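*Asks:* Next up, coords-v9.cif (mmCIF, C-alpha atoms).
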data_model
loop_
_atom_site.label_atom_id
_atom_site.label_comp_id
_atom_site.auth_asym_id
_atom_site.auth_seq_id
_atom_site.Cartn_x
_atom_site.Cartn_y
_atom_site.Cartn_z
CA MET A 1 -16.79 21.58 -7.11
CA PRO A 2 -13.19 21.42 -8.45
CA MET A 3 -11.57 18.07 -9.19
CA ILE A 4 -9.10 16.94 -6.51
CA THR A 5 -5.63 16.48 -8.01
CA CYS A 6 -3.44 16.39 -4.89
CA ALA A 7 -0.98 13.47 -5.05
CA ASN A 8 -1.30 12.90 -1.29
CA ILE A 9 -5.09 12.56 -1.20
CA GLY A 10 -4.79 8.79 -0.63
CA LEU A 11 -2.70 9.36 2.50
CA GLN A 12 -5.08 12.02 3.77
CA ARG A 13 -8.10 9.73 3.33
CA LYS A 14 -6.19 6.63 4.48
CA SER A 15 -7.40 4.66 1.46
CA PHE A 16 -4.92 1.81 1.80
CA LYS A 17 -5.26 -1.66 0.25
CA GLN A 18 -5.70 -4.77 2.39
CA ILE A 19 -2.32 -6.33 3.19
CA LEU A 20 -1.90 -9.89 4.42
CA VAL A 21 1.24 -11.32 6.02
CA GLY A 22 2.03 -14.95 5.39
CA GLU A 23 4.68 -17.49 4.52
CA SER A 24 6.40 -16.85 1.23
CA ASP A 25 7.56 -19.47 -1.26
CA VAL A 26 10.62 -17.28 -1.89
CA ALA A 27 12.00 -16.34 1.53
CA GLY A 28 10.42 -16.69 4.99
CA TYR A 29 7.46 -14.34 5.38
CA GLY A 30 6.09 -11.72 3.05
CA ALA A 31 3.39 -9.10 2.61
CA PHE A 32 0.70 -9.90 0.07
CA LEU A 33 -2.04 -7.77 -1.45
CA GLY A 34 -5.44 -8.91 -0.15
CA SER A 35 -7.53 -7.21 -2.83
CA PRO A 36 -7.55 -8.75 -6.30
CA VAL A 37 -6.38 -5.67 -8.23
CA ALA A 38 -3.95 -2.79 -7.77
CA TYR A 39 -3.30 -0.35 -10.59
CA PRO A 40 -0.09 1.60 -11.26
CA GLY A 41 -0.09 4.65 -9.01
CA ASP A 42 -2.45 3.10 -6.41
CA LEU A 43 -1.55 3.68 -2.78
CA ILE A 44 -0.86 0.31 -1.13
CA ALA A 45 0.32 1.38 2.34
CA GLU A 46 2.17 4.11 4.17
CA TYR A 47 5.61 3.10 5.45
CA THR A 48 6.26 4.58 8.87
CA GLY A 49 9.19 2.48 10.06
CA GLU A 50 12.88 3.21 10.33
CA ILE A 51 14.95 3.02 7.16
CA ILE A 52 18.10 0.95 7.71
CA SER A 53 20.70 0.96 4.96
#
Would you encode the structure as structure tokens?

*Replies:*
Amino acid sequence: MPMITCANIGLQRKSFKQILVGESDVAGYGAFLGSPVAYPGDLIAEYTGEIIS
């Protein structure tokens, strides 16, 4: 079986990290990573909202 090298495989498999929402010490509320480790290149979440600039 060939090795999977597609960059979007994380989105296809929906392998997101656990995200917690809570009060931030910096400003109001924030999103925090629930799992202890995320490596560079890991998929955290898919953003599906509207981009306002």

*Asks:* Specify as a ChimeraX atom specification each residue included when the PyMOL selection byres ((chain A and resi 19) around 7) is applied to this file.

*Replies:* /A:17-18,20-21,31-34

*Asks:* Just to confirm, what's the straight-line distance from atom CA of Ile52 of chain A to atom CA of Ala38 of chain A in Å (one decimal)?

*Replies:*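 Value for the atom CA of Ile52 of chain A-atom CA of Ala38 of chain A distance: 27.2 Å.
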
*Asks:* May I ask for the distance between atom CA of Cys6 of chain A and atom CA of Val37 of chain A, given in Å to one decimal place?

*Replies:*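 It comes out at 22.5 Å.
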
*Asks:* Would you mind putting back N, CA and C atoms on segment 22-50 of chain A, then writing it out as a tab-separated table (two decimals), in the frame of the given file?

*Replies:*
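Result written to out-v4.tsv:
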chain	number	residue	atom	x	y	z
A	22	GLY	N	2.04	-13.50	5.39
A	22	GLY	CA	2.03	-14.95	5.39
A	22	GLY	C	3.36	-15.51	4.94
A	23	GLU	N	3.44	-16.83	4.97
A	23	GLU	CA	4.68	-17.49	4.52
A	23	GLU	C	4.84	-17.33	3.02
A	24	SER	N	6.07	-17.06	2.63
A	24	SER	CA	6.40	-16.85	1.23
A	24	SER	C	7.10	-18.08	0.67
A	25	ASP	N	6.85	-18.37	-0.60
A	25	ASP	CA	7.56	-19.47	-1.26
A	25	ASP	C	9.00	-19.07	-1.57
A	26	VAL	N	9.30	-17.78	-1.53
A	26	VAL	CA	10.62	-17.28	-1.89
A	26	VAL	C	11.54	-17.20	-0.69
A	27	ALA	N	11.11	-16.53	0.38
A	27	ALA	CA	12.00	-16.34	1.53
A	27	ALA	C	11.20	-16.01	2.79
A	28	GLY	N	11.05	-16.95	3.69
A	28	GLY	CA	10.42	-16.69	4.99
A	28	GLY	C	9.00	-16.19	4.89
A	29	TYR	N	8.78	-14.96	5.39
A	29	TYR	CA	7.46	-14.34	5.38
A	29	TYR	C	7.43	-13.18	4.41
A	30	GLY	N	6.23	-12.83	3.97
A	30	GLY	CA	6.09	-11.72	3.05
A	30	GLY	C	4.77	-11.01	3.24
A	31	ALA	N	4.63	-9.86	2.62
A	31	ALA	CA	3.39	-9.10	2.61
A	31	ALA	C	2.73	-9.29	1.26
A	32	PHE	N	1.44	-9.61	1.29
A	32	PHE	CA	0.70	-9.90	0.07
A	32	PHE	C	-0.52	-9.00	-0.02
A	33	LEU	N	-0.88	-8.62	-1.23
A	33	LEU	CA	-2.04	-7.77	-1.45
A	33	LEU	C	-3.30	-8.61	-1.30
A	34	GLY	N	-4.21	-8.18	-0.42
A	34	GLY	CA	-5.44	-8.91	-0.15
A	34	GLY	C	-6.53	-8.66	-1.17
A	35	SER	N	-6.52	-7.50	-1.81
A	35	SER	CA	-7.53	-7.21	-2.83
A	35	SER	C	-7.04	-7.75	-4.17
A	36	PRO	N	-7.95	-8.09	-5.06
A	36	PRO	CA	-7.55	-8.75	-6.30
A	36	PRO	C	-6.80	-7.86	-7.29
A	37	VAL	N	-6.97	-6.55	-7.21
A	37	VAL	CA	-6.38	-5.67	-8.23
A	37	VAL	C	-5.75	-4.44	-7.60
A	38	ALA	N	-4.58	-4.08	-8.09
A	38	ALA	CA	-3.95	-2.79	-7.77
A	38	ALA	C	-3.42	-2.24	-9.09
A	39	TYR	N	-3.71	-0.99	-9.34
A	39	TYR	CA	-3.30	-0.35	-10.59
A	39	TYR	C	-2.05	0.49	-10.36
A	40	PRO	N	-1.26	0.74	-11.41
A	40	PRO	CA	-0.09	1.60	-11.26
A	40	PRO	C	-0.50	2.95	-10.67
A	41	GLY	N	0.22	3.39	-9.66
A	41	GLY	CA	-0.09	4.65	-9.01
A	41	GLY	C	-1.00	4.51	-7.80
A	42	ASP	N	-1.60	3.32	-7.59
A	42	ASP	CA	-2.45	3.10	-6.41
A	42	ASP	C	-1.62	3.13	-5.15
A	43	LEU	N	-2.19	3.68	-4.08
A	43	LEU	CA	-1.55	3.68	-2.78
A	43	LEU	C	-1.79	2.32	-2.14
A	44	ILE	N	-0.73	1.61	-1.78
A	44	ILE	CA	-0.86	0.31	-1.13
A	44	ILE	C	-0.83	0.49	0.38
A	45	ALA	N	0.19	1.15	0.90
A	45	ALA	CA	0.32	1.38	2.34
A	45	ALA	C	1.29	2.53	2.57
A	46	GLU	N	1.23	3.08	3.76
A	46	GLU	CA	2.17	4.11	4.17
A	46	GLU	C	3.25	3.46	5.02
A	47	TYR	N	4.51	3.64	4.66
A	47	TYR	CA	5.61	3.10	5.45
A	47	TYR	C	5.99	4.10	6.51
A	48	THR	N	5.94	3.67	7.77
A	48	THR	CA	6.26	4.58	8.87
A	48	THR	C	7.40	4.07	9.73
A	49	GLY	N	8.09	3.05	9.27
A	49	GLY	CA	9.19	2.48	10.06
A	49	GLY	C	10.51	3.19	9.82
A	50	GLU	N	11.53	2.66	10.46
A	50	GLU	CA	12.88	3.21	10.33
A	50	GLU	C	13.54	2.64	9.09
